[in-house]
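The structure file model.txt is reproduced below (compact mmCIF, C-alpha atoms).
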# COMPACT_ATOMS: atom_id res chain seq x y z
CA MET R 1 110.07 -47.45 -31.45
CA GLU R 2 111.45 -49.27 -34.44
CA PRO R 3 108.54 -50.76 -36.40
CA SER R 4 110.58 -53.90 -37.07
CA GLN R 5 111.04 -54.33 -33.34
CA GLU R 6 107.42 -53.81 -32.34
CA ARG R 7 105.15 -55.21 -35.05
CA PRO R 8 104.33 -58.94 -34.80
CA ARG R 9 105.05 -60.69 -38.10
CA PRO R 10 104.14 -64.00 -39.67
CA ARG R 11 107.04 -66.40 -39.52
CA ARG R 12 108.37 -68.10 -42.62
CA GLU R 13 111.63 -69.74 -43.41
CA PRO R 14 114.70 -67.42 -43.42
CA ARG R 15 117.49 -67.69 -45.96
CA SER R 16 121.11 -68.52 -45.31
CA ARG R 17 123.75 -67.21 -47.68
CA THR R 18 125.44 -70.59 -47.83
CA GLY R 19 122.97 -72.99 -46.23
CA PRO R 20 120.19 -75.10 -47.72
CA GLY R 21 117.59 -73.13 -49.67
CA SER R 22 119.95 -70.24 -50.32
CA THR R 23 118.97 -67.96 -53.15
CA ARG R 24 122.54 -66.53 -53.23
CA ARG R 25 121.07 -63.35 -53.24
CA GLY R 26 124.54 -34.36 -20.53
CA ALA R 27 127.45 -36.91 -21.27
CA LEU R 28 130.10 -38.55 -19.15
CA ALA R 29 132.01 -35.29 -18.92
CA ALA R 30 129.06 -34.06 -16.88
CA ILE R 31 129.23 -36.82 -14.28
CA GLY R 32 126.39 -36.21 -11.89
CA GLY R 33 125.24 -37.56 -8.58
CA GLY R 34 122.80 -40.41 -8.77
CA LEU R 35 120.79 -42.06 -6.07
CA THR R 36 122.58 -45.18 -4.86
CA ALA R 37 120.12 -47.82 -3.79
CA ALA R 38 120.88 -51.35 -2.72
CA LEU R 39 117.83 -53.48 -3.23
CA ALA R 40 117.63 -56.85 -1.53
CA GLY R 41 116.64 -59.75 -3.73
CA CYS R 42 116.99 -63.43 -4.38
CA VAL R 43 117.29 -65.77 -7.31
CA ASP R 44 113.90 -67.37 -7.97
CA ALA R 45 113.13 -70.33 -10.19
CA LEU R 46 110.50 -69.85 -12.90
CA GLU R 47 108.26 -72.50 -14.36
CA THR R 48 110.26 -74.43 -16.93
CA SER R 49 108.87 -76.45 -19.79
CA VAL R 50 109.77 -80.13 -19.74
CA ASP R 51 110.88 -79.64 -23.33
CA ASP R 52 113.53 -77.09 -22.34
CA PRO R 53 117.07 -78.42 -21.85
CA PHE R 54 117.55 -75.80 -19.14
CA ALA R 55 116.02 -74.24 -16.06
CA VAL R 56 115.15 -70.53 -16.07
CA GLU R 57 115.86 -68.51 -12.93
CA THR R 58 115.09 -64.86 -12.24
CA VAL R 59 118.31 -63.21 -11.07
CA VAL R 60 116.77 -59.76 -10.54
CA ASP R 61 113.57 -58.08 -11.64
CA GLY R 62 111.94 -54.65 -11.65
CA LEU R 63 114.39 -53.17 -14.19
CA ALA R 64 113.29 -50.50 -16.67
CA HIS R 65 114.19 -51.56 -20.22
CA PRO R 66 117.58 -53.16 -19.51
CA TRP R 67 119.68 -52.73 -22.65
CA ALA R 68 123.06 -54.33 -22.04
CA MET R 69 125.02 -56.53 -19.65
CA ALA R 70 128.71 -57.10 -18.94
CA ILE R 71 130.13 -59.80 -16.67
CA VAL R 72 132.61 -58.33 -14.19
CA PRO R 73 135.75 -60.54 -14.45
CA GLY R 74 136.70 -62.51 -11.37
CA ASP R 75 133.55 -61.34 -9.64
CA SER R 76 130.02 -62.54 -9.02
CA ARG R 77 128.56 -59.30 -10.30
CA LEU R 78 127.03 -58.16 -13.56
CA LEU R 79 126.90 -54.60 -14.91
CA VAL R 80 123.52 -53.73 -16.41
CA THR R 81 122.39 -50.60 -18.25
CA GLU R 82 118.78 -49.46 -18.26
CA ARG R 83 117.71 -47.28 -21.15
CA GLU R 84 116.20 -44.67 -18.83
CA GLY R 85 119.72 -43.84 -17.61
CA ARG R 86 120.58 -46.15 -14.74
CA LEU R 87 123.71 -48.30 -14.47
CA SER R 88 123.54 -51.07 -11.86
CA LEU R 89 125.74 -53.76 -10.39
CA VAL R 90 123.78 -56.98 -10.02
CA ASP R 91 124.88 -59.76 -7.65
CA ARG R 92 124.48 -62.88 -9.80
CA GLU R 93 124.31 -65.12 -6.74
CA GLY R 94 122.29 -63.12 -4.23
CA GLY R 95 120.01 -61.29 -6.65
CA SER R 96 120.54 -57.82 -5.16
CA HIS R 97 121.33 -54.83 -7.34
CA THR R 98 122.97 -51.54 -6.52
CA GLU R 99 122.81 -48.41 -8.60
CA VAL R 100 126.20 -47.06 -9.68
CA ASP R 101 126.53 -43.37 -8.89
CA GLY R 102 127.87 -40.99 -11.54
CA ALA R 103 126.30 -42.47 -14.66
CA PRO R 104 126.17 -40.07 -17.62
CA VAL R 105 123.30 -37.70 -18.22
CA VAL R 106 121.53 -39.18 -21.24
CA TYR R 107 118.80 -38.11 -23.64
CA VAL R 108 115.96 -40.58 -23.24
CA THR R 109 113.85 -40.49 -26.38
CA GLY R 110 112.45 -43.18 -28.68
CA GLN R 111 115.22 -45.75 -29.01
CA GLY R 112 117.71 -43.51 -27.23
CA GLY R 113 119.02 -43.47 -23.67
CA LEU R 114 121.75 -45.35 -21.84
CA LEU R 115 122.68 -48.17 -24.20
CA ASP R 116 125.70 -50.46 -24.21
CA VAL R 117 128.39 -51.19 -21.62
CA ALA R 118 131.83 -52.73 -22.15
CA LEU R 119 134.82 -53.23 -19.88
CA HIS R 120 138.44 -52.40 -20.67
CA PRO R 121 140.28 -55.55 -21.91
CA ASP R 122 142.62 -55.34 -18.87
CA PHE R 123 139.82 -55.00 -16.33
CA PRO R 124 140.15 -55.02 -13.30
CA ASP R 125 143.81 -53.90 -13.61
CA ASP R 126 142.40 -51.07 -15.71
CA PRO R 127 138.97 -50.59 -14.10
CA ARG R 128 137.46 -48.43 -16.81
CA VAL R 129 133.94 -48.89 -18.09
CA TYR R 130 132.85 -47.80 -21.59
CA LEU R 131 129.28 -46.68 -22.23
CA THR R 132 127.33 -45.69 -25.32
CA TYR R 133 124.31 -43.42 -25.01
CA SER R 134 122.28 -40.73 -26.73
CA ILE R 135 122.76 -37.04 -26.00
CA ALA R 136 120.98 -33.89 -27.18
CA ASN R 137 122.01 -30.31 -27.92
CA ASP R 138 120.16 -27.07 -27.18
CA ASP R 139 118.29 -27.32 -30.48
CA GLY R 140 116.77 -30.68 -29.55
CA GLU R 141 118.95 -32.59 -31.99
CA SER R 142 120.49 -35.83 -30.79
CA THR R 143 123.28 -38.26 -31.54
CA THR R 144 125.20 -41.29 -30.27
CA ALA R 145 128.13 -40.75 -27.90
CA VAL R 146 130.83 -42.95 -26.39
CA GLY R 147 132.25 -42.28 -22.95
CA ARG R 148 134.38 -43.96 -20.34
CA ALA R 149 134.88 -43.71 -16.58
CA ARG R 150 136.66 -45.53 -13.80
CA LEU R 151 134.48 -47.97 -11.85
CA GLU R 152 135.04 -47.75 -8.11
CA ALA R 153 133.21 -50.77 -6.74
CA ASP R 154 135.18 -52.37 -3.93
CA ASP R 155 133.26 -54.62 -1.57
CA GLY R 156 131.55 -52.62 1.15
CA ASP R 157 131.67 -49.31 -0.74
CA ASP R 158 128.90 -47.66 -2.71
CA PRO R 159 129.83 -48.13 -6.38
CA GLU R 160 130.47 -45.06 -8.48
CA LEU R 161 131.96 -43.88 -11.75
CA THR R 162 134.80 -41.39 -11.48
CA ASP R 163 137.07 -39.53 -13.93
CA GLY R 164 134.37 -39.61 -16.59
CA THR R 165 135.10 -38.32 -20.06
CA GLU R 166 133.39 -38.30 -23.43
CA LEU R 167 135.53 -40.03 -26.05
CA TYR R 168 133.57 -39.69 -29.29
CA VAL R 169 130.42 -37.98 -30.53
CA ALA R 170 128.91 -39.14 -33.82
CA GLU R 171 128.23 -36.49 -36.45
CA PRO R 172 125.89 -35.10 -37.58
CA TRP R 173 123.32 -34.35 -34.88
CA LEU R 174 119.76 -34.88 -36.13
CA ASP R 175 116.16 -34.29 -35.08
CA SER R 176 115.39 -38.00 -34.85
CA SER R 177 114.57 -40.44 -32.06
CA GLY R 178 115.58 -43.63 -33.85
CA HIS R 179 118.52 -45.76 -34.94
CA PHE R 180 121.24 -44.75 -32.47
CA GLY R 181 122.86 -48.20 -32.72
CA SER R 182 124.80 -48.89 -30.58
CA ARG R 183 126.85 -51.87 -29.48
CA ALA R 184 130.40 -51.47 -28.19
CA VAL R 185 132.84 -54.38 -28.22
CA PHE R 186 136.59 -54.64 -27.71
CA GLY R 187 138.12 -56.66 -30.50
CA PRO R 188 141.05 -59.09 -30.23
CA ASP R 189 143.27 -56.13 -31.18
CA ASP R 190 142.11 -54.29 -28.00
CA ARG R 191 140.44 -51.61 -30.13
CA LEU R 192 136.90 -50.48 -29.34
CA TYR R 193 134.31 -51.11 -32.07
CA VAL R 194 131.06 -49.14 -31.86
CA SER R 195 128.01 -49.36 -34.12
CA VAL R 196 126.17 -46.14 -35.05
CA GLY R 197 122.75 -46.30 -36.69
CA ASP R 198 121.60 -44.30 -39.71
CA ARG R 199 119.16 -42.31 -37.52
CA ARG R 200 116.32 -43.37 -39.86
CA GLU R 201 117.35 -40.97 -42.56
CA ASP R 202 115.08 -41.13 -45.61
CA GLY R 203 115.99 -42.10 -49.16
CA PHE R 204 116.98 -45.42 -50.66
CA ASP R 205 119.74 -44.30 -53.02
CA ALA R 206 123.48 -43.81 -53.14
CA GLU R 207 123.11 -40.35 -51.52
CA HIS R 208 121.94 -41.91 -48.25
CA VAL R 209 124.02 -41.09 -45.16
CA SER R 210 125.04 -44.74 -44.75
CA GLN R 211 126.77 -44.62 -48.15
CA ASP R 212 128.47 -41.29 -47.36
CA ARG R 213 131.78 -41.88 -45.59
CA SER R 214 132.09 -38.19 -44.69
CA ASN R 215 129.76 -38.74 -41.69
CA ASP R 216 129.51 -41.28 -38.86
CA LEU R 217 125.97 -42.49 -39.51
CA GLY R 218 125.34 -46.09 -40.55
CA THR R 219 128.87 -47.16 -39.64
CA THR R 220 130.97 -49.24 -37.32
CA LEU R 221 133.64 -47.07 -35.68
CA ARG R 222 137.07 -48.31 -34.55
CA LEU R 223 138.73 -46.41 -31.71
CA GLU R 224 141.71 -46.70 -29.42
CA PRO R 225 140.75 -47.20 -25.76
CA ASP R 226 141.43 -43.49 -25.16
CA GLY R 227 139.10 -42.47 -28.01
CA SER R 228 141.84 -41.59 -30.51
CA ILE R 229 141.93 -43.00 -34.05
CA PRO R 230 144.11 -46.04 -34.80
CA ASP R 231 146.73 -45.34 -37.46
CA ASP R 232 145.72 -48.42 -39.43
CA ASN R 233 142.02 -47.64 -39.77
CA PRO R 234 140.94 -48.26 -43.38
CA PHE R 235 140.11 -44.63 -44.31
CA VAL R 236 142.73 -42.59 -42.43
CA ASP R 237 144.38 -41.62 -45.73
CA ASP R 238 141.08 -40.69 -47.41
CA GLU R 239 140.44 -36.97 -46.99
CA ASP R 240 136.79 -37.47 -47.92
CA ALA R 241 136.11 -40.06 -45.21
CA VAL R 242 135.85 -40.00 -41.42
CA ASP R 243 139.01 -41.51 -39.98
CA ALA R 244 137.14 -43.49 -37.30
CA ILE R 245 135.07 -45.53 -39.79
CA TYR R 246 135.81 -49.26 -39.93
CA THR R 247 132.77 -50.40 -41.97
CA TYR R 248 129.81 -48.55 -43.50
CA GLY R 249 126.53 -49.15 -45.31
CA HIS R 250 124.71 -50.23 -42.15
CA ARG R 251 121.15 -49.45 -41.13
CA ASN R 252 120.97 -50.08 -37.38
CA ALA R 253 123.29 -52.69 -35.86
CA GLN R 254 122.29 -53.55 -32.29
CA GLY R 255 124.36 -56.67 -31.71
CA MET R 256 128.09 -57.34 -31.97
CA THR R 257 130.43 -60.02 -30.63
CA VAL R 258 133.81 -61.65 -31.26
CA HIS R 259 134.03 -65.22 -32.53
CA PRO R 260 136.05 -67.04 -29.82
CA GLU R 261 138.01 -69.17 -32.31
CA THR R 262 138.45 -67.03 -35.43
CA ASP R 263 138.55 -63.58 -33.72
CA GLU R 264 136.11 -62.32 -36.36
CA LEU R 265 133.70 -59.55 -35.44
CA TRP R 266 130.09 -60.59 -35.97
CA GLN R 267 127.24 -58.11 -36.06
CA SER R 268 123.44 -58.27 -36.12
CA GLU R 269 121.55 -55.59 -38.03
CA HIS R 270 117.94 -54.50 -38.40
CA GLY R 271 116.46 -54.45 -41.87
CA GLU R 272 113.53 -52.38 -43.07
CA GLU R 273 110.53 -54.66 -43.79
CA ASP R 274 112.39 -57.85 -42.88
CA GLY R 275 115.88 -57.80 -44.40
CA ASP R 276 117.47 -58.41 -40.98
CA GLU R 277 121.07 -59.61 -41.21
CA LEU R 278 123.98 -61.36 -39.56
CA ASN R 279 127.29 -60.01 -40.85
CA VAL R 280 131.00 -60.66 -40.43
CA LEU R 281 132.86 -57.35 -40.45
CA GLU R 282 135.68 -56.75 -42.92
CA ALA R 283 137.78 -53.59 -42.63
CA GLY R 284 136.77 -50.85 -45.06
CA SER R 285 133.80 -52.76 -46.47
CA ASN R 286 130.37 -51.56 -47.55
CA TYR R 287 127.42 -53.56 -46.15
CA GLY R 288 124.99 -52.21 -48.70
CA TRP R 289 122.29 -50.24 -46.94
CA PRO R 290 120.23 -48.98 -48.71
CA ILE R 291 121.58 -49.62 -52.23
CA ALA R 292 121.61 -53.38 -51.62
CA HIS R 293 119.19 -55.03 -49.21
CA TYR R 294 117.14 -58.22 -48.86
CA GLY R 295 114.19 -56.42 -47.26
CA CYS R 296 111.37 -54.25 -48.61
CA ALA R 297 110.03 -50.80 -47.84
CA TYR R 298 107.74 -50.81 -44.82
CA GLY R 299 104.20 -51.90 -45.56
CA THR R 300 105.03 -53.03 -49.09
CA ASP R 301 106.56 -55.89 -51.03
CA GLU R 302 108.75 -53.45 -52.97
CA PRO R 303 112.44 -54.39 -52.72
CA ILE R 304 114.98 -51.80 -51.65
CA GLY R 305 117.95 -51.64 -54.00
CA ASP R 306 119.66 -54.67 -55.45
CA GLU R 307 120.18 -57.98 -53.73
CA PRO R 308 123.62 -57.86 -52.06
CA ALA R 309 124.73 -61.08 -53.76
CA ASP R 310 124.25 -59.38 -57.13
CA ARG R 311 126.83 -56.68 -56.44
CA ASP R 312 130.58 -56.99 -56.09
CA ASP R 313 130.97 -53.69 -54.21
CA VAL R 314 129.08 -54.74 -51.06
CA VAL R 315 129.52 -57.57 -48.54
CA ASP R 316 126.77 -60.18 -48.59
CA PRO R 317 125.42 -61.07 -45.11
CA VAL R 318 126.26 -64.56 -43.87
CA TYR R 319 122.59 -64.97 -42.92
CA TYR R 320 119.51 -62.91 -43.70
CA TRP R 321 115.74 -62.79 -43.58
CA LYS R 322 114.30 -61.90 -46.98
CA CYS R 323 111.23 -59.69 -47.45
CA GLY R 324 108.16 -61.77 -46.65
CA SER R 325 110.03 -64.12 -44.31
CA GLY R 326 108.70 -62.51 -41.13
CA GLY R 327 112.16 -61.25 -40.20
CA PHE R 328 114.16 -61.49 -36.99
CA PRO R 329 114.57 -58.03 -35.40
CA PRO R 330 117.95 -58.76 -33.74
CA ALA R 331 119.51 -57.34 -30.61
CA GLY R 332 122.45 -58.44 -28.45
CA MET R 333 124.40 -61.53 -29.42
CA THR R 334 127.20 -63.78 -28.20
CA PHE R 335 128.87 -67.07 -29.04
CA TYR R 336 128.45 -69.85 -26.53
CA ASP R 337 131.84 -71.06 -25.31
CA GLY R 338 131.01 -72.49 -21.88
CA ASP R 339 130.81 -76.03 -20.51
CA THR R 340 127.32 -75.93 -19.01
CA PHE R 341 125.58 -76.67 -22.32
CA PRO R 342 128.10 -78.73 -24.32
CA GLU R 343 125.61 -79.23 -27.17
CA TRP R 344 125.60 -75.45 -27.69
CA GLN R 345 129.38 -75.14 -27.96
CA GLY R 346 130.26 -72.74 -30.77
CA ASP R 347 126.65 -71.74 -31.40
CA LEU R 348 125.61 -68.11 -31.81
CA LEU R 349 122.90 -66.81 -29.45
CA VAL R 350 120.96 -63.77 -30.75
CA GLY R 351 118.14 -61.89 -29.03
CA ASN R 352 114.94 -61.51 -31.04
CA LEU R 353 112.80 -58.49 -30.16
CA ALA R 354 109.43 -58.66 -31.97
CA GLY R 355 109.71 -62.45 -32.31
CA GLN R 356 110.20 -62.71 -28.52
CA TYR R 357 112.71 -65.51 -28.25
CA LEU R 358 116.44 -66.22 -28.07
CA GLY R 359 117.69 -67.64 -31.35
CA ARG R 360 120.35 -70.36 -31.33
CA PHE R 361 122.32 -70.64 -34.56
CA SER R 362 124.91 -73.21 -35.60
CA VAL R 363 128.00 -71.66 -37.19
CA ASP R 364 130.50 -73.47 -39.40
CA GLY R 365 132.73 -70.85 -40.96
CA THR R 366 130.13 -68.60 -42.58
CA ASP R 367 127.58 -71.39 -42.98
CA VAL R 368 124.82 -70.42 -40.52
CA SER R 369 121.51 -72.09 -39.70
CA GLU R 370 118.93 -71.48 -37.01
CA LYS R 371 118.69 -74.52 -34.72
CA ASP R 372 116.37 -73.51 -31.89
CA ARG R 373 114.04 -70.83 -30.52
CA LEU R 374 114.91 -70.66 -26.84
CA LEU R 375 112.51 -69.04 -24.33
CA GLU R 376 109.77 -68.90 -26.95
CA GLY R 377 106.20 -68.46 -25.68
CA ARG R 378 107.04 -66.33 -22.67
CA GLY R 379 106.30 -63.02 -24.39
CA TRP R 380 109.83 -61.76 -23.75
CA ARG R 381 111.57 -59.31 -26.08
CA ILE R 382 115.19 -60.42 -25.75
CA ARG R 383 117.51 -57.41 -25.64
CA ASP R 384 120.88 -58.90 -24.66
CA VAL R 385 122.60 -62.18 -23.84
CA VAL R 386 125.96 -62.96 -22.21
CA VAL R 387 127.74 -66.11 -21.03
CA ALA R 388 129.42 -66.19 -17.60
CA PRO R 389 132.97 -67.50 -18.12
CA ASP R 390 133.18 -68.91 -14.59
CA THR R 391 130.03 -71.04 -14.77
CA GLY R 392 129.00 -71.29 -18.43
CA ASP R 393 125.50 -70.12 -17.47
CA VAL R 394 123.62 -67.89 -19.90
CA TYR R 395 122.21 -64.53 -18.76
CA VAL R 396 119.39 -62.92 -20.71
CA ALA R 397 118.04 -59.36 -20.46
CA VAL R 398 114.34 -58.92 -21.19
CA ASP R 399 113.27 -55.58 -22.70
CA ASP R 400 110.25 -54.26 -20.81
CA GLY R 401 109.29 -51.44 -18.47
CA ASP R 402 109.28 -53.89 -15.54
CA ALA R 403 111.77 -56.49 -16.67
CA PRO R 404 113.95 -59.29 -15.31
CA ILE R 405 117.43 -60.56 -15.92
CA VAL R 406 117.16 -64.35 -16.11
CA ARG R 407 119.72 -67.14 -16.02
CA LEU R 408 119.66 -70.40 -17.97
CA THR R 409 121.15 -73.38 -16.14
CA PRO R 410 120.96 -77.15 -16.75
CA GLN R 411 117.82 -78.86 -15.53
CA GLU R 412 118.42 -80.94 -12.44
Entire entry expressed as structure tokens:
Amino acid sequence: MEPSQERPRPRREPRSRTGPGSTRRGALAAIGGGLTAALAGCVDALETSVDDPFAVETVVDGLAHPWAMAIVPGDSRLLVTEREGRLSLVDREGGSHTEVDGAPVVYVTGQGGLLDVALHPDFPDDPRVYLTYSIANDDGESTTAVGRARLEADDGDDPELTDGTELYVAEPWLDSSGHFGSRAVFGPDDRLYVSVGDRREDGFDAEHVSQDRSNDLGTTLRLEPDGSIPDDNPFVDDEDAVDAIYTYGHRNAQGMTVHPETDELWQSEHGEEDGDELNVLEAGSNYGWPIAHYGCAYGTDEPIGDEPADRDDVVDPVYYWKCGSGGFPPAGMTFYDGDTFPEWQGDLLVGNLAGQYLGRFSVDGTDVSEKDRLLEGRGWRIRDVVVAPDTGDVYVAVDDGDAPIVRLTPQE
């Protein structure tokens, strides 16, 4: 697994770019039969600290490394991916979960497996589900893929995916088990944005794959819902660049969300030794890895490249953790826009893996500061977080081999 995700680190103060203390520095095409199992369950209350402004309830447990969640609109259910290859529908009220038949055949290795899930913007009128996952070829090389299928999940029927197809396969395939990315989010333009990691390719110079726009590695892709390339993508007229690229110079982005007021795309990205980042995506922009980075090489205090603020050809992160800060290995993220926790309105919630808490950040334009460490002390690696639009409750996926999905609600 990613060293920055697994190794406990000392915690020191992070740096904000604009805040106080800133230094200004198979596949879905091979739909197969899965075992459909409805497991009875219930929502149980956990012990809650009197200092917490919320109660913590277990919605469902016994999951194997849940990676992503998606609230089903107009429904009491939640779609959950497990890295080992299972897609489930979870009843948010009753606590039962049912495996969805026909999930893609995935390559489970290292950080790879069944990863993100997103719903078509017109769901349920267009009941298609989008999945990202790792796949392998006959030579044992692997890559990140994007697929979609129709979700058949009427009440009383066993849920299944039908009409599956593979929309995009990142190039090149590599003999690596790390840095697949891969969050998938529909933007306000109804295009699908997908992060692809750099696959842990070596070298800290301008020849690195993340700085080479002729491949998909270390990028954010922008696709039409059918997998085709939008005509207004930033590099469609550049014969030396992949048409699907929206941004590049990334290391391994594992969180992405849309700001509910500005429609900006925000992304969380893993650094090397620290150097973790929060970024706002700008079409066609270079996010620096590895020629500009606030982290250091693993096991050293040696900086990698220049500081992003010192270069005018890369985008400076809006928030970062400098080498020696202890870092914040980030995962899924979302803005809070519910009514249940009015004091959180507009705040950014970001899962912390090695740090084992849910970070709450205030956001004012691009001025970001960390306000709270939610769920700290429970030993939970936080993989994903979503907000239910019907209730304003917060759902959190814990990354473990025997893991729960929990819900945060106001204390009574």
Inset, instruction - Please provide the set of residues having any atom within 9 Å of Pro172 in chain R, restricted to only C-alpha atoms, with same-chain residues fewer than 2 positions apart removed, written as a list in words. - result: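 In the requested format, the answer is Ser142, Thr143, Val169, Ala170, Leu174, Asn215, Asp216 and Leu217 of chain R.
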Legend entry - All residues 10 Å or closer to Glu307 in chain R, all atoms listed in the file, same chain fewer than 5 positions away omitted, as a list of chain:residue names: R:Arg24, R:Arg25, R:Gly288, R:Ile291, R:Ala292, R:His293, R:Tyr294, R:Gly295, R:Val314, R:Asp316, R:Lys322
Legend entry - Between CA of Ala397 in chain R and CA of Gly351 in chain R, distance in Å (one decimal):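 Interatomic distance, CA of Ala397 in chain R to CA of Gly351 in chain R: 8.9 Å.
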Inset, instruction - Go through R:Ser228, R:Ser285, R:Gln356, R:Thr98 and flag the residue nearest Ala244 in chain R, using only C-alpha atoms for the distances. - result: R:Ser228
Inset, instruction - Tell me which protein, DNA and RNA residues are within 9 Å of Glu264 in chain R, counting all atoms listed in the file, leaving out same-chain ones fewer than 6 positions away, and put them as an MDAnalysis selection string. - result: chainID R and resid 187:188 257:258 280:282
Write the residues of the preceding selection, restricted to C-alpha atoms, as a PDB file, in the coordinates of the input.
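Writing the result to result_8.pdb gives the following:
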ATOM      1  CA  GLY R 187     138.120 -56.660 -30.500  1.00  0.00           C
ATOM      2  CA  PRO R 188     141.050 -59.090 -30.230  1.00  0.00           C
ATOM      3  CA  THR R 257     130.430 -60.020 -30.630  1.00  0.00           C
ATOM      4  CA  VAL R 258     133.810 -61.650 -31.260  1.00  0.00           C
ATOM      5  CA  VAL R 280     131.000 -60.660 -40.430  1.00  0.00           C
ATOM      6  CA  LEU R 281     132.860 -57.350 -40.450  1.00  0.00           C
ATOM      7  CA  GLU R 282     135.680 -56.750 -42.920  1.00  0.00           C
TER       8      GLU R 282
END
Inset, instruction - For range 65-72 of chain R, list every protein, DNA or RNA residue within 6 Å, evaluated using all atoms listed in the file, and leave out those in the same chain fewer than 5 positions away; present the list as a ChimeraX atom specification. - result: /R:77-83,115-116,383-384,399-401
Inset, instruction - Point out the residue among R:Asp306, R:Val242, R:Arg200, R:Phe186 with the least atom-to-atom distance to Met256 in chain R, counting all atoms listed in the file. - result: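 So, comparing all the options, the nearest one is R:Phe186.
With only C-alpha atoms as the atoms that count, the minimum distance from Val209 in chain R to the choices R:Ala331, R:His120, R:Thr409, R:Arg251 is reached by R:Arg251.
With distances taken over all atoms listed in the file, R:Asp226 is the one residue among R:Asp347, R:Asp75, R:Asp313, R:Asp226 lying closest to Glu166 in chain R.
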Legend entry - Point-to-point distance from CA of Tyr107 in chain R to CA of Ala136 in chain R, Å rounded to tenths: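 So the answer is 5.9 Å.
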Legend entry - Tyr246 in chain R environment, 8 Å, all atoms listed in the file, sequence neighbours closer than 5 positions dropped, as a PyMOL selection string: chain R and resi 219-222+233-235+283-285
Legend entry - CA of Gly338 in chain R to CA of Pro159 in chain R, straight-line distance in Å: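 Interatomic distance, CA of Pro159 in chain R to CA of Gly338 in chain R: 28.9 Å.
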Inset, instruction - Point out the residue among R:Asp364, R:Asp154, R:Asp175, R:Glu277 with the least atom-to-atom distance to Asp138 in chain R, counting all atoms listed in the file. - result: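 When distances to Asp138 in chain R are compared using all atoms listed in the file, the smallest one comes from R:Asp175.
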Legend entry - Spatial sel., origin (123.8, -65.7, -18.9), limit 10 Å, all atoms listed in the file, listed as a VMD selection string: chain R and resid 59 69 to 71 78 92 336 384 to 389 391 to 397 405 to 409
Legend entry - Given only C-alpha atoms as the counted atoms, nearest of R:Leu161, R:Leu167, R:Leu151, R:Leu375 to Leu223 in chain R: R:Leu167
Which centre and edge lengths in Å to one decimal define the box along x, y and z that fits every listed atom of range 299-317 of chain R plus 8 Å per side, as lines of an AutoDock Vina configuration file?
center_x = 117.6
center_y = -56.4
center_z = -51.1
size_x = 42.8
size_y = 25.4
size_z = 28.0
Return range 216-224 of chain R, completed with N, CA, C and O atoms, as a PDB file, in the frame of the given file.
ATOM      1  N   ASP R 216     129.403 -40.088 -39.693  1.00  0.00           N
ATOM      2  CA  ASP R 216     129.510 -41.280 -38.860  1.00  0.00           C
ATOM      3  C   ASP R 216     128.283 -42.177 -38.904  1.00  0.00           C
ATOM      4  O   ASP R 216     128.287 -43.255 -38.291  1.00  0.00           O
ATOM      5  N   LEU R 217     127.229 -41.764 -39.575  1.00  0.00           N
ATOM      6  CA  LEU R 217     125.970 -42.490 -39.510  1.00  0.00           C
ATOM      7  C   LEU R 217     125.998 -43.756 -40.360  1.00  0.00           C
ATOM      8  O   LEU R 217     126.556 -43.773 -41.459  1.00  0.00           O
ATOM      9  N   GLY R 218     125.380 -44.823 -39.829  1.00  0.00           N
ATOM     10  CA  GLY R 218     125.340 -46.090 -40.550  1.00  0.00           C
ATOM     11  C   GLY R 218     126.700 -46.760 -40.649  1.00  0.00           C
ATOM     12  O   GLY R 218     126.993 -47.415 -41.650  1.00  0.00           O
ATOM     13  N   THR R 219     127.502 -46.638 -39.600  1.00  0.00           N
ATOM     14  CA  THR R 219     128.870 -47.160 -39.640  1.00  0.00           C
ATOM     15  C   THR R 219     129.169 -48.016 -38.411  1.00  0.00           C
ATOM     16  O   THR R 219     128.423 -48.043 -37.431  1.00  0.00           O
ATOM     17  N   THR R 220     130.311 -48.701 -38.492  1.00  0.00           N
ATOM     18  CA  THR R 220     130.970 -49.240 -37.320  1.00  0.00           C
ATOM     19  C   THR R 220     132.261 -48.448 -37.146  1.00  0.00           C
ATOM     20  O   THR R 220     133.060 -48.347 -38.087  1.00  0.00           O
ATOM     21  N   LEU R 221     132.449 -47.856 -35.972  1.00  0.00           N
ATOM     22  CA  LEU R 221     133.640 -47.070 -35.680  1.00  0.00           C
ATOM     23  C   LEU R 221     134.701 -47.961 -35.020  1.00  0.00           C
ATOM     24  O   LEU R 221     134.381 -48.937 -34.349  1.00  0.00           O
ATOM     25  N   ARG R 222     135.962 -47.606 -35.204  1.00  0.00           N
ATOM     26  CA  ARG R 222     137.070 -48.310 -34.550  1.00  0.00           C
ATOM     27  C   ARG R 222     137.941 -47.269 -33.859  1.00  0.00           C
ATOM     28  O   ARG R 222     138.484 -46.360 -34.509  1.00  0.00           O
ATOM     29  N   LEU R 223     138.051 -47.403 -32.536  1.00  0.00           N
ATOM     30  CA  LEU R 223     138.730 -46.410 -31.710  1.00  0.00           C
ATOM     31  C   LEU R 223     139.786 -47.064 -30.837  1.00  0.00           C
ATOM     32  O   LEU R 223     139.657 -48.233 -30.457  1.00  0.00           O
ATOM     33  N   GLU R 224     140.809 -46.283 -30.491  1.00  0.00           N
ATOM     34  CA  GLU R 224     141.710 -46.700 -29.420  1.00  0.00           C
ATOM     35  C   GLU R 224     140.959 -46.604 -28.095  1.00  0.00           C
ATOM     36  O   GLU R 224     139.955 -45.892 -27.983  1.00  0.00           O
TER      37      GLU R 224
END
